[in-house]
>>> print(open('work_3.txt').read())   # compact mmCIF, C-alpha atoms and all ligand atoms
# COMPACT_ATOMS: atom_id res chain seq x y z
CA MET Z 1 -59.78 -82.47 -8.55
CA GLN Z 2 -60.85 -79.76 -6.10
CA ARG Z 3 -57.54 -80.13 -4.29
CA LYS Z 4 -55.65 -79.81 -7.53
CA SER Z 5 -57.52 -76.59 -8.40
CA ARG Z 6 -56.63 -75.24 -4.97
CA THR Z 7 -52.96 -76.03 -5.61
CA ALA Z 8 -53.16 -74.19 -8.94
CA GLU Z 9 -54.80 -71.22 -7.17
CA ILE Z 10 -52.03 -71.12 -4.60
CA ILE Z 11 -49.33 -71.19 -7.24
CA LEU Z 12 -51.09 -68.45 -9.23
CA SER Z 13 -51.44 -66.22 -6.16
CA ALA Z 14 -47.66 -65.79 -6.26
CA LEU Z 15 -47.73 -64.60 -9.87
CA PRO Z 16 -48.03 -60.82 -9.21
CA TYR Z 17 -45.08 -61.01 -6.84
CA ILE Z 18 -42.99 -63.11 -9.20
CA ARG Z 19 -43.63 -60.54 -11.93
CA LYS Z 20 -42.80 -57.64 -9.61
CA PHE Z 21 -39.58 -59.12 -8.25
CA LYS Z 22 -38.02 -60.42 -11.47
CA ASP Z 23 -34.42 -59.16 -11.79
CA LYS Z 24 -34.58 -57.43 -8.38
CA VAL Z 25 -31.76 -57.88 -5.87
CA PHE Z 26 -32.64 -59.46 -2.50
CA VAL Z 27 -30.07 -59.74 0.26
CA ILE Z 28 -31.00 -62.54 2.65
CA LYS Z 29 -29.34 -62.73 6.04
CA TYR Z 30 -29.42 -66.28 7.32
CA GLY Z 31 -28.97 -65.96 11.07
CA GLY Z 32 -26.89 -68.48 12.97
CA SER Z 33 -29.86 -68.85 15.27
CA ALA Z 34 -32.04 -69.99 12.33
CA GLN Z 35 -29.56 -72.66 11.19
CA ILE Z 36 -31.20 -75.22 13.42
CA ASP Z 37 -31.62 -78.69 11.94
CA GLU Z 38 -31.06 -80.48 8.66
CA GLU Z 39 -34.69 -80.27 7.54
CA LEU Z 40 -34.87 -76.50 8.07
CA LYS Z 41 -31.50 -75.99 6.38
CA ASN Z 42 -32.67 -77.95 3.35
CA ASP Z 43 -35.95 -76.02 3.24
CA PHE Z 44 -34.01 -72.75 3.39
CA ALA Z 45 -31.81 -73.87 0.49
CA ARG Z 46 -34.85 -74.90 -1.58
CA ASP Z 47 -36.51 -71.52 -0.97
CA ILE Z 48 -33.38 -69.71 -2.14
CA VAL Z 49 -33.19 -71.90 -5.24
CA LEU Z 50 -36.84 -71.12 -6.01
CA LEU Z 51 -36.27 -67.36 -5.68
CA SER Z 52 -33.32 -67.62 -7.98
CA MET Z 53 -35.26 -69.72 -10.52
CA VAL Z 54 -38.03 -67.09 -10.75
CA GLY Z 55 -35.45 -64.46 -11.66
CA ILE Z 56 -34.66 -62.81 -8.31
CA LYS Z 57 -30.98 -62.01 -7.82
CA VAL Z 58 -30.22 -63.43 -4.38
CA ILE Z 59 -27.23 -62.84 -2.15
CA VAL Z 60 -26.95 -64.79 1.10
CA VAL Z 61 -25.11 -63.32 4.07
CA HIS Z 62 -24.89 -65.70 6.99
CA GLY Z 63 -24.23 -65.49 10.70
CA GLY Z 64 -23.08 -68.24 12.99
CA GLY Z 65 -23.45 -67.15 16.59
CA LYS Z 66 -24.42 -70.54 17.98
CA LYS Z 67 -21.68 -72.50 16.23
CA ILE Z 68 -19.09 -69.88 17.17
CA ASN Z 69 -20.13 -70.20 20.83
CA GLU Z 70 -19.79 -73.97 20.59
CA TYR Z 71 -16.23 -73.81 19.21
CA LEU Z 72 -15.09 -71.01 21.53
CA GLU Z 73 -16.28 -73.11 24.44
CA ARG Z 74 -14.50 -76.22 23.16
CA LEU Z 75 -11.27 -74.23 22.85
CA ASN Z 76 -11.82 -72.54 26.19
CA ILE Z 77 -11.75 -69.03 24.70
CA LYS Z 78 -13.83 -66.45 26.54
CA SER Z 79 -16.10 -64.00 24.72
CA GLU Z 80 -18.76 -61.59 25.90
CA PHE Z 81 -21.36 -59.38 24.25
CA LYS Z 82 -21.51 -55.60 24.41
CA ASP Z 83 -24.25 -53.62 22.62
CA GLY Z 84 -25.34 -56.85 20.93
CA LEU Z 85 -21.84 -57.34 19.44
CA ARG Z 86 -19.34 -60.08 20.28
CA VAL Z 87 -16.19 -58.63 21.83
CA THR Z 88 -13.54 -60.50 19.84
CA ASN Z 89 -9.93 -60.91 21.01
CA LYS Z 90 -7.07 -62.34 18.93
CA ASP Z 91 -7.79 -65.98 19.82
CA ALA Z 92 -11.48 -65.47 19.25
CA ILE Z 93 -11.10 -63.86 15.80
CA ASP Z 94 -9.20 -66.90 14.49
CA THR Z 95 -11.99 -69.18 15.69
CA VAL Z 96 -14.73 -66.86 14.40
CA GLU Z 97 -13.10 -66.80 10.97
CA MET Z 98 -12.60 -70.57 10.86
CA VAL Z 99 -16.18 -71.31 11.85
CA LEU Z 100 -17.84 -68.69 9.61
CA SER Z 101 -15.63 -68.89 6.56
CA GLY Z 102 -14.58 -72.53 6.72
CA LEU Z 103 -17.50 -74.41 8.18
CA ILE Z 104 -20.80 -72.57 7.83
CA ASN Z 105 -20.07 -70.77 4.56
CA LYS Z 106 -19.15 -73.99 2.78
CA GLU Z 107 -22.05 -75.93 4.26
CA ILE Z 108 -24.58 -73.41 2.92
CA THR Z 109 -22.86 -73.15 -0.46
CA ALA Z 110 -22.80 -76.93 -0.88
CA LEU Z 111 -26.45 -77.21 0.15
CA LEU Z 112 -27.54 -74.63 -2.42
CA PHE Z 113 -25.63 -76.48 -5.12
CA LYS Z 114 -27.18 -79.79 -4.03
CA HIS Z 115 -30.64 -78.28 -4.46
CA GLY Z 116 -29.96 -77.08 -7.95
CA THR Z 117 -28.31 -73.70 -8.13
CA LYS Z 118 -24.79 -72.48 -8.69
CA ALA Z 119 -23.37 -70.84 -5.57
CA VAL Z 120 -19.97 -69.47 -4.55
CA GLY Z 121 -18.88 -69.05 -0.94
CA LEU Z 122 -16.87 -65.93 -0.14
CA SER Z 123 -15.60 -63.99 2.83
CA GLY Z 124 -14.60 -60.34 2.89
CA LYS Z 125 -11.05 -61.45 2.10
CA ASP Z 126 -11.88 -62.70 -1.41
CA SER Z 127 -10.83 -59.90 -3.77
CA GLU Z 128 -11.29 -57.57 -0.81
CA LEU Z 129 -15.03 -58.07 -0.96
CA LEU Z 130 -15.50 -56.36 2.42
CA GLN Z 131 -12.90 -53.76 3.34
CA ALA Z 132 -13.11 -52.91 7.01
CA THR Z 133 -11.53 -50.98 9.86
CA VAL Z 134 -11.76 -51.50 13.57
CA LEU Z 135 -15.08 -50.46 15.11
CA GLY Z 136 -15.38 -48.04 18.02
CA GLY Z 137 -11.62 -47.44 18.36
CA GLY Z 138 -11.09 -51.10 19.30
CA LYS Z 139 -13.43 -51.29 22.28
CA TYR Z 140 -14.87 -54.52 20.88
CA GLY Z 141 -11.46 -55.99 19.94
CA PHE Z 142 -11.29 -57.32 16.36
CA VAL Z 143 -14.81 -56.23 15.49
CA GLY Z 144 -14.84 -54.19 12.31
CA GLU Z 145 -17.06 -51.93 10.28
CA ILE Z 146 -17.30 -52.15 6.53
CA HIS Z 147 -16.09 -49.24 4.40
CA SER Z 148 -16.42 -50.65 0.97
CA VAL Z 149 -18.01 -53.60 -0.77
CA ASN Z 150 -16.57 -54.99 -4.00
CA ILE Z 151 -19.82 -54.89 -5.96
CA GLU Z 152 -18.01 -55.63 -9.21
CA LEU Z 153 -17.25 -59.11 -7.89
CA LEU Z 154 -20.84 -59.65 -6.71
CA ASN Z 155 -22.35 -58.34 -9.93
CA SER Z 156 -20.14 -60.49 -12.11
CA LEU Z 157 -21.08 -63.60 -10.12
CA MET Z 158 -24.78 -62.74 -10.24
CA ASN Z 159 -24.63 -62.01 -13.95
CA GLN Z 160 -23.34 -65.54 -14.42
CA GLU Z 161 -26.20 -66.82 -12.26
CA TYR Z 162 -24.07 -67.73 -9.25
CA ILE Z 163 -25.53 -67.01 -5.82
CA PRO Z 164 -22.87 -65.31 -3.68
CA VAL Z 165 -22.81 -66.68 -0.13
CA ILE Z 166 -20.97 -64.27 2.15
CA ALA Z 167 -19.26 -64.96 5.48
CA PRO Z 168 -19.13 -61.70 7.48
CA ILE Z 169 -15.36 -61.40 7.84
CA GLY Z 170 -13.89 -58.04 6.87
CA VAL Z 171 -10.33 -57.43 5.69
CA GLY Z 172 -8.21 -54.56 7.01
CA LEU Z 173 -5.46 -52.55 5.34
CA GLU Z 174 -2.77 -54.99 6.51
CA GLY Z 175 -4.81 -58.03 5.53
CA GLU Z 176 -6.02 -58.56 9.10
CA SER Z 177 -9.42 -60.11 9.75
CA TYR Z 178 -12.35 -58.39 11.41
CA ASN Z 179 -15.46 -59.96 12.83
CA ILE Z 180 -18.40 -58.09 11.33
CA ASN Z 181 -21.85 -58.50 12.83
CA ALA Z 182 -23.68 -60.39 10.09
CA ASP Z 183 -26.72 -58.09 10.23
CA LEU Z 184 -24.56 -55.04 9.61
CA CYS Z 185 -22.70 -56.95 6.90
CA ALA Z 186 -26.02 -57.69 5.17
CA SER Z 187 -26.97 -54.04 5.35
CA ALA Z 188 -23.61 -52.90 3.90
CA VAL Z 189 -24.04 -55.34 1.00
CA ALA Z 190 -27.70 -54.38 0.44
CA LYS Z 191 -26.84 -50.67 0.43
CA ALA Z 192 -23.90 -51.09 -1.92
CA LEU Z 193 -25.98 -53.10 -4.38
CA LYS Z 194 -29.02 -50.83 -3.99
CA ALA Z 195 -31.02 -53.95 -3.22
CA ASP Z 196 -34.79 -54.03 -3.39
CA LYS Z 197 -35.18 -56.01 -0.19
CA VAL Z 198 -33.17 -57.17 2.76
CA ILE Z 199 -34.57 -60.07 4.77
CA PHE Z 200 -33.30 -61.26 8.14
CA LEU Z 201 -34.06 -64.83 9.20
CA THR Z 202 -33.76 -65.25 12.93
CA ASP Z 203 -35.14 -67.28 15.85
CA THR Z 204 -38.13 -65.13 16.82
CA SER Z 205 -41.29 -64.39 14.87
CA GLY Z 206 -40.00 -60.85 14.25
CA VAL Z 207 -39.57 -57.84 16.51
CA LEU Z 208 -41.62 -58.45 19.66
CA ASP Z 209 -43.22 -55.87 21.96
CA LYS Z 210 -42.99 -55.92 25.76
CA ASN Z 211 -45.78 -58.52 25.90
CA SER Z 212 -43.88 -60.70 23.41
CA GLU Z 213 -46.43 -59.98 20.68
CA LEU Z 214 -45.23 -59.59 17.11
CA ILE Z 215 -44.98 -56.01 15.80
CA SER Z 216 -45.82 -56.34 12.11
CA LYS Z 217 -44.76 -52.84 11.06
CA LEU Z 218 -42.06 -50.61 12.53
CA ASP Z 219 -40.60 -47.19 11.79
CA GLU Z 220 -37.63 -45.24 13.13
CA ASN Z 221 -39.54 -43.59 16.01
CA LEU Z 222 -40.93 -46.86 17.31
CA ILE Z 223 -37.54 -48.58 16.98
CA ASN Z 224 -35.83 -45.80 18.98
CA GLU Z 225 -38.49 -45.97 21.66
CA LEU Z 226 -38.22 -49.77 21.95
CA LYS Z 227 -34.41 -49.57 22.11
CA GLN Z 228 -34.53 -46.90 24.76
CA ASN Z 229 -36.96 -48.75 27.01
CA GLY Z 230 -35.03 -52.02 26.61
CA THR Z 231 -37.72 -53.94 24.69
CA ILE Z 232 -35.26 -54.33 21.84
CA SER Z 233 -32.00 -55.69 23.24
CA GLY Z 234 -29.06 -57.99 22.51
CA GLY Z 235 -28.82 -59.39 18.98
CA MET Z 236 -31.98 -57.53 17.94
CA ILE Z 237 -30.15 -54.18 18.26
CA PRO Z 238 -27.79 -54.58 15.28
CA LYS Z 239 -30.67 -56.13 13.33
CA VAL Z 240 -33.02 -53.16 13.64
CA ASP Z 241 -30.06 -50.79 13.14
CA ALA Z 242 -29.25 -52.68 9.94
CA CYS Z 243 -32.88 -52.42 8.78
CA LEU Z 244 -32.95 -48.67 9.38
CA GLU Z 245 -29.60 -48.12 7.64
CA CYS Z 246 -30.92 -50.00 4.62
CA VAL Z 247 -34.24 -48.23 4.20
CA LYS Z 248 -32.61 -44.82 4.73
CA ALA Z 249 -30.16 -45.68 1.94
CA GLY Z 250 -32.94 -46.54 -0.50
CA VAL Z 251 -33.55 -50.27 0.03
CA LYS Z 252 -37.32 -50.50 -0.39
CA ASN Z 253 -38.19 -52.85 2.47
CA ALA Z 254 -36.44 -54.58 5.33
CA HIS Z 255 -38.00 -57.70 6.84
CA ILE Z 256 -37.28 -59.63 10.03
CA ILE Z 257 -38.82 -63.08 9.88
CA ASP Z 258 -38.89 -66.40 11.72
CA GLY Z 259 -36.23 -68.75 10.37
CA ARG Z 260 -37.56 -71.54 12.60
CA ILE Z 261 -40.61 -71.87 10.34
CA SER Z 262 -40.14 -73.84 7.14
CA HIS Z 263 -40.48 -71.70 4.00
CA SER Z 264 -40.85 -68.47 5.98
CA ILE Z 265 -39.10 -66.63 3.13
CA LEU Z 266 -41.78 -67.70 0.64
CA LEU Z 267 -44.58 -66.84 3.06
CA GLU Z 268 -43.13 -63.37 3.61
CA ILE Z 269 -42.40 -62.56 -0.02
CA PHE Z 270 -45.25 -64.18 -1.92
CA THR Z 271 -48.24 -63.50 0.33
CA ASP Z 272 -50.15 -60.27 0.95
CA SER Z 273 -49.93 -60.26 4.72
CA GLY Z 274 -46.43 -61.69 5.22
CA ILE Z 275 -45.45 -63.33 8.50
CA GLY Z 276 -42.84 -61.15 10.21
CA SER Z 277 -41.92 -57.53 10.93
CA ILE Z 278 -41.45 -55.05 8.12
CA ILE Z 279 -39.66 -51.71 8.06
CA LYS Z 280 -40.68 -49.83 4.95
CA GLY Z 281 -38.60 -47.31 3.09
CA GLN Z 282 -39.80 -43.80 2.20
CA ILE Z 283 -40.12 -44.40 -1.53
N1 LIG O 1 -37.77 -57.04 21.01
C1 LIG O 1 -37.21 -58.19 20.59
N2 LIG O 1 -37.89 -58.98 19.72
C2 LIG O 1 -37.37 -60.15 19.29
N3 LIG O 1 -36.14 -60.60 19.67
C3 LIG O 1 -35.42 -59.87 20.52
C4 LIG O 1 -35.90 -58.61 21.01
N4 LIG O 1 -34.96 -58.09 21.83
C5 LIG O 1 -33.95 -58.96 21.87
N5 LIG O 1 -34.18 -60.03 21.08
C6 LIG O 1 -33.27 -61.16 20.91
O1 LIG O 1 -32.65 -61.11 19.65
C7 LIG O 1 -32.34 -62.45 19.27
C8 LIG O 1 -31.99 -62.55 17.80
O2 LIG O 1 -30.68 -62.06 17.56
P1 LIG O 1 -29.42 -63.05 17.52
O3 LIG O 1 -28.21 -62.22 17.25
O4 LIG O 1 -29.41 -63.92 18.73
O5 LIG O 1 -29.76 -64.02 16.29
P2 LIG O 1 -29.33 -63.91 14.75
O6 LIG O 1 -28.83 -62.54 14.45
O7 LIG O 1 -30.49 -64.41 13.97
O8 LIG O 1 -28.15 -64.98 14.64
P3 LIG O 1 -26.57 -64.66 14.39
O9 LIG O 1 -26.20 -63.51 15.30
O10 LIG O 1 -25.92 -65.93 14.74
O11 LIG O 1 -26.46 -64.33 12.94
C9 LIG O 1 -33.58 -63.19 19.70
O12 LIG O 1 -33.35 -64.57 19.88
C10 LIG O 1 -33.97 -62.51 21.00
O13 LIG O 1 -33.43 -63.18 22.11
MG MG O 2 -27.13 -61.69 15.53
>>> encode(input="work_3.txt", output="structure tokens")
Amino acid sequence: MQRKSRTAEIILSALPYIRKFKDKVFVIKYGGSAQIDEELKNDFARDIVLLSMVGIKVIVVHGGGKKINEYLERLNIKSEFKDGLRVTNKDAIDTVEMVLSGLINKEITALLFKHGTKAVGLSGKDSELLQATVLGGGKYGFVGEIHSVNIELLNSLMNQEYIPVIAPIGVGLEGESYNINADLCASAVAKALKADKVIFLTDTSGVLDKNSELISKLDENLINELKQNGTISGGMIPKVDACLECVKAGVKNAHIIDGRISHSILLEIFTDSGIGSIIKGQI
């Protein structure tokens, strides 16, 4: 009996958050590095279904770094990272698009459906969801930056209770494909939709300091300092940049959390202390 009361207490402790977040838009970036094993993937899908069932409008943007590496290696295509971004040549962009849009996108979409919610997998090429141009004058090859997001498409799917699942492939003026860093894709989508929250699931407990301790709360000054002294490096650079872009554009909070922990999304959203790093907006 006591255990049952405790369960009821736990469920009720989420009530204020459920009330607060009803009808709000959350963009959730599901990092390739957090797509680890079947159990975690299923737990992720169940968390997303739960958010959706309590009235949160969820959009999933996914990465796929690990799987892309695996396929590039199999096909003997070289790729390197510069400023935390994958330099993407012509051979690599075809593989990146196939893995993101064909493999990972459909796996996540099918998993969400299996766990009880309607979901539609998209890339930036569907109804020009993500219009892009080449980034940095082409110094990263076919890496693009997003100029416009087709929010009409996203809103109409969400209004019909579909969860959009987005592969970060942008489309150029001539219909060419661009590899978009998934963190920056999530921030473009969150900004365009004026989302309430953007949440990044990755393979660390959040942003770590030089002693590898979690930093629970960050702001622009601290982020700049940590980037300058090299504490924030590699794939964490576009992630913190994406967080800053979002909060400056009016997204209320940006979170970086550990996707290796089951139900980390629920722990971050529905508990007072949360479990990862948070970058708060001004308002
Ligand atoms: N200060 C830091 N704190 C935490 N992680 C850091 C830091 N600096 C660099 N990193 C690196 O950033 C990585 C996370 O970014 P990464 O791009 O590898 O994953 P992801 O974005 O979740 O996945 P994907 O790029 O496939 O979507 C960590 O595994 C870690 O190695
Ligand atoms: Mg990354």
>>> atom_distance(input="work_3.txt", atom1="CA of Glu220 (chain Z)", atom2="atom O6 of ligand LIG 1 (chain O)")
19.5 Å
>>> closest_atom_pairs(input="work_3.txt", of="region 23-122 of chain Z", to="region 187-193 of chain Z", cutoff="8 Å", atoms="all atoms listed in the file", output="Markdown table")
| residue | atom | partner | partner_atom | distance |
| --- | --- | --- | --- | --- |
| Z:Val25 | CA | Z:Leu193 | CA | 7.6 |
| Z:Phe26 | CA | Z:Ala190 | CA | 7.7 |
| Z:Val27 | CA | Z:Ala190 | CA | 5.9 |
>>> residues_around(input="work_3.txt", residues="Ser177 (chain Z)", least_positions_apart="5", cutoff="12 Å", atoms="only C-alpha atoms", output="ChimeraX atom specification")
/Z:88-98,101,123-126,128,130-134,141-146,167-172
>>> write_last_selection(input="work_3.txt", atoms="C-alpha atoms", output="short mmCIF file (atom, residue, chain, number, x, y, z; two decimals), in the frame of the given file")
data_model
loop_
_atom_site.label_atom_id
_atom_site.label_comp_id
_atom_site.auth_asym_id
_atom_site.auth_seq_id
_atom_site.Cartn_x
_atom_site.Cartn_y
_atom_site.Cartn_z
CA THR Z 88 -13.54 -60.50 19.84
CA ASN Z 89 -9.93 -60.91 21.01
CA LYS Z 90 -7.07 -62.34 18.93
CA ASP Z 91 -7.79 -65.98 19.82
CA ALA Z 92 -11.48 -65.47 19.25
CA ILE Z 93 -11.10 -63.86 15.80
CA ASP Z 94 -9.20 -66.90 14.49
CA THR Z 95 -11.99 -69.18 15.69
CA VAL Z 96 -14.73 -66.86 14.40
CA GLU Z 97 -13.10 -66.80 10.97
CA MET Z 98 -12.60 -70.57 10.86
CA SER Z 101 -15.63 -68.89 6.56
CA SER Z 123 -15.60 -63.99 2.83
CA GLY Z 124 -14.60 -60.34 2.89
CA LYS Z 125 -11.05 -61.45 2.10
CA ASP Z 126 -11.88 -62.70 -1.41
CA GLU Z 128 -11.29 -57.57 -0.81
CA LEU Z 130 -15.50 -56.36 2.42
CA GLN Z 131 -12.90 -53.76 3.34
CA ALA Z 132 -13.11 -52.91 7.01
CA THR Z 133 -11.53 -50.98 9.86
CA VAL Z 134 -11.76 -51.50 13.57
CA GLY Z 141 -11.46 -55.99 19.94
CA PHE Z 142 -11.29 -57.32 16.36
CA VAL Z 143 -14.81 -56.23 15.49
CA GLY Z 144 -14.84 -54.19 12.31
CA GLU Z 145 -17.06 -51.93 10.28
CA ILE Z 146 -17.30 -52.15 6.53
CA ALA Z 167 -19.26 -64.96 5.48
CA PRO Z 168 -19.13 -61.70 7.48
CA ILE Z 169 -15.36 -61.40 7.84
CA GLY Z 170 -13.89 -58.04 6.87
CA VAL Z 171 -10.33 -57.43 5.69
CA GLY Z 172 -8.21 -54.56 7.01
#
>>> residues_near_ligand(input="work_3.txt", ligand="ligand LIG 1 (chain O)", cutoff="7 Å", atoms="all atoms listed in the file", output="ChimeraX atom specification")
/Z:30-34,62-66,182-183,201-204,206-209,231-236,239
>>> atom_distance(input="work_3.txt", atom1="CA of His263 (chain Z)", atom2="CA of Gly276 (chain Z)")
12.5 Å
>>> closest_residue(input="work_3.txt", among="Z:Ile223, Z:Val247, Z:Val120, Z:Ile269", to="Lys106 (chain Z)", atoms="only C-alpha atoms")
Z:Val120
>>> residues_around(input="work_3.txt", residues="Arg46 (chain Z)", least_positions_apart="4", cutoff="9 Å", atoms="only C-alpha atoms", output="PyMOL selection string")
chain Z and resi 41-42+50-51+111-112+115-116+263
>>> residues_around(input="work_3.txt", residues="region 214-217 of chain Z", least_positions_apart="3", cutoff="10 Å", atoms="all atoms listed in the file", output="PDB file with C-alpha atoms, in the frame of the given file")
ATOM      1  CA  THR Z 204     -38.130 -65.130  16.820  1.00  0.00           C
ATOM      2  CA  SER Z 205     -41.290 -64.390  14.870  1.00  0.00           C
ATOM      3  CA  GLY Z 206     -40.000 -60.850  14.250  1.00  0.00           C
ATOM      4  CA  VAL Z 207     -39.570 -57.840  16.510  1.00  0.00           C
ATOM      5  CA  LEU Z 208     -41.620 -58.450  19.660  1.00  0.00           C
ATOM      6  CA  ASP Z 209     -43.220 -55.870  21.960  1.00  0.00           C
ATOM      7  CA  LYS Z 210     -42.990 -55.920  25.760  1.00  0.00           C
ATOM      8  CA  ASN Z 211     -45.780 -58.520  25.900  1.00  0.00           C
ATOM      9  CA  LEU Z 222     -40.930 -46.860  17.310  1.00  0.00           C
ATOM     10  CA  HIS Z 255     -38.000 -57.700   6.840  1.00  0.00           C
ATOM     11  CA  ILE Z 256     -37.280 -59.630  10.030  1.00  0.00           C
ATOM     12  CA  ILE Z 257     -38.820 -63.080   9.880  1.00  0.00           C
ATOM     13  CA  SER Z 273     -49.930 -60.260   4.720  1.00  0.00           C
ATOM     14  CA  GLY Z 274     -46.430 -61.690   5.220  1.00  0.00           C
ATOM     15  CA  ILE Z 275     -45.450 -63.330   8.500  1.00  0.00           C
ATOM     16  CA  GLY Z 276     -42.840 -61.150  10.210  1.00  0.00           C
ATOM     17  CA  SER Z 277     -41.920 -57.530  10.930  1.00  0.00           C
ATOM     18  CA  ILE Z 278     -41.450 -55.050   8.120  1.00  0.00           C
ATOM     19  CA  ILE Z 279     -39.660 -51.710   8.060  1.00  0.00           C
ATOM     20  CA  LYS Z 280     -40.680 -49.830   4.950  1.00  0.00           C
TER      21      LYS Z 280
END
>>> residues_near_point(input="work_3.txt", point="(-20.0, -61.0, 17.4)", cutoff="8 Å", atoms="all atoms listed in the file", output="JSON, numbers by chain")
{"Z": [65, 81, 84, 85, 86, 87, 88, 143, 179, 180, 181]}
>>> atom_distance(input="work_3.txt", atom1="CA of Asn224 (chain Z)", atom2="CA of Gly138 (chain Z)")
25.3 Å
>>> closest_residue(input="work_3.txt", among="Z:Lys197, Z:Lys57, Z:Lys29, Z:Lys252", to="ligand MG 2 (chain O)", atoms="all atoms listed in the file")
Z:Lys29
>>> closest_residue(input="work_3.txt", among="Z:Asn105, Z:Leu129, Z:Gln282, Z:Lys227", to="Lys248 (chain Z)", atoms="only C-alpha atoms")
Z:Gln282
>>> closest_residue(input="work_3.txt", among="Z:Gly250, Z:Leu184, Z:Lys78, Z:Ile199", to="ligand MG 2 (chain O)", atoms="only C-alpha atoms and all ligand atoms")
Z:Leu184
>>> closest_residue(input="work_3.txt", among="Z:Leu100, Z:Ala14, Z:Cys185, Z:Met53", to="Pro238 (chain Z)", atoms="all atoms listed in the file")
Z:Cys185
>>> closest_residue(input="work_3.txt", among="Z:Val99, Z:Lys20, Z:Ala254, Z:Leu153", to="Lys67 (chain Z)", atoms="only C-alpha atoms")
Z:Val99
>>> decode(input="work_3.txt", residues="region 116-165 of chain Z", atoms="C-alpha atoms", output="PDB file, in the first residue's frame")
ATOM      1  CA  GLY Z 116       1.377   4.501 -29.951  1.00  0.00           C
ATOM      2  CA  THR Z 117       1.663   7.833 -31.681  1.00  0.00           C
ATOM      3  CA  LYS Z 118       1.285   9.027 -35.237  1.00  0.00           C
ATOM      4  CA  ALA Z 119       4.603  10.181 -36.681  1.00  0.00           C
ATOM      5  CA  VAL Z 120       5.803  11.320 -40.104  1.00  0.00           C
ATOM      6  CA  GLY Z 121       9.435  11.213 -41.187  1.00  0.00           C
ATOM      7  CA  LEU Z 122      10.664  14.143 -43.264  1.00  0.00           C
ATOM      8  CA  SER Z 123      13.867  15.618 -44.574  1.00  0.00           C
ATOM      9  CA  GLY Z 124      14.429  19.199 -45.662  1.00  0.00           C
ATOM     10  CA  LYS Z 125      13.503  18.119 -49.186  1.00  0.00           C
ATOM     11  CA  ASP Z 126       9.857  17.389 -48.349  1.00  0.00           C
ATOM     12  CA  SER Z 127       7.898  20.460 -49.472  1.00  0.00           C
ATOM     13  CA  GLU Z 128      11.156  22.369 -49.054  1.00  0.00           C
ATOM     14  CA  LEU Z 129      10.932  21.986 -45.312  1.00  0.00           C
ATOM     15  CA  LEU Z 130      14.517  23.226 -44.860  1.00  0.00           C
ATOM     16  CA  GLN Z 131      15.782  25.616 -47.522  1.00  0.00           C
ATOM     17  CA  ALA Z 132      19.536  25.953 -47.312  1.00  0.00           C
ATOM     18  CA  THR Z 133      22.623  27.437 -48.926  1.00  0.00           C
ATOM     19  CA  VAL Z 134      26.232  26.423 -48.672  1.00  0.00           C
ATOM     20  CA  LEU Z 135      27.897  27.319 -45.363  1.00  0.00           C
ATOM     21  CA  GLY Z 136      31.107  29.329 -45.113  1.00  0.00           C
ATOM     22  CA  GLY Z 137      31.532  29.774 -48.882  1.00  0.00           C
ATOM     23  CA  GLY Z 138      31.963  26.017 -49.321  1.00  0.00           C
ATOM     24  CA  LYS Z 139      34.887  25.477 -46.957  1.00  0.00           C
ATOM     25  CA  TYR Z 140      33.049  22.508 -45.442  1.00  0.00           C
ATOM     26  CA  GLY Z 141      31.921  21.087 -48.826  1.00  0.00           C
ATOM     27  CA  PHE Z 142      28.199  20.265 -48.976  1.00  0.00           C
ATOM     28  CA  VAL Z 143      27.479  21.549 -45.491  1.00  0.00           C
ATOM     29  CA  GLY Z 144      24.609  24.006 -45.525  1.00  0.00           C
ATOM     30  CA  GLU Z 145      22.907  26.575 -43.374  1.00  0.00           C
ATOM     31  CA  ILE Z 146      19.163  26.878 -43.144  1.00  0.00           C
ATOM     32  CA  HIS Z 147      17.448  30.022 -44.436  1.00  0.00           C
ATOM     33  CA  SER Z 148      13.856  29.107 -44.089  1.00  0.00           C
ATOM     34  CA  VAL Z 149      11.725  26.468 -42.443  1.00  0.00           C
ATOM     35  CA  ASN Z 150       8.335  25.494 -43.859  1.00  0.00           C
ATOM     36  CA  ILE Z 151       6.406  25.944 -40.627  1.00  0.00           C
ATOM     37  CA  GLU Z 152       3.088  25.613 -42.432  1.00  0.00           C
ATOM     38  CA  LEU Z 153       3.921  21.959 -43.096  1.00  0.00           C
ATOM     39  CA  LEU Z 154       5.014  21.363 -39.485  1.00  0.00           C
ATOM     40  CA  ASN Z 155       1.993  23.134 -38.023  1.00  0.00           C
ATOM     41  CA  SER Z 156      -0.453  21.253 -40.199  1.00  0.00           C
ATOM     42  CA  LEU Z 157       1.091  17.917 -39.170  1.00  0.00           C
ATOM     43  CA  MET Z 158       1.083  18.881 -35.492  1.00  0.00           C
ATOM     44  CA  ASN Z 159      -2.496  20.113 -35.681  1.00  0.00           C
ATOM     45  CA  GLN Z 160      -3.437  16.648 -36.880  1.00  0.00           C
ATOM     46  CA  GLU Z 161      -1.477  15.154 -33.984  1.00  0.00           C
ATOM     47  CA  TYR Z 162       1.385  13.791 -36.068  1.00  0.00           C
ATOM     48  CA  ILE Z 163       4.874  14.066 -34.612  1.00  0.00           C
ATOM     49  CA  PRO Z 164       7.227  15.392 -37.306  1.00  0.00           C
ATOM     50  CA  VAL Z 165      10.560  13.545 -37.315  1.00  0.00           C
TER      51      VAL Z 165
END
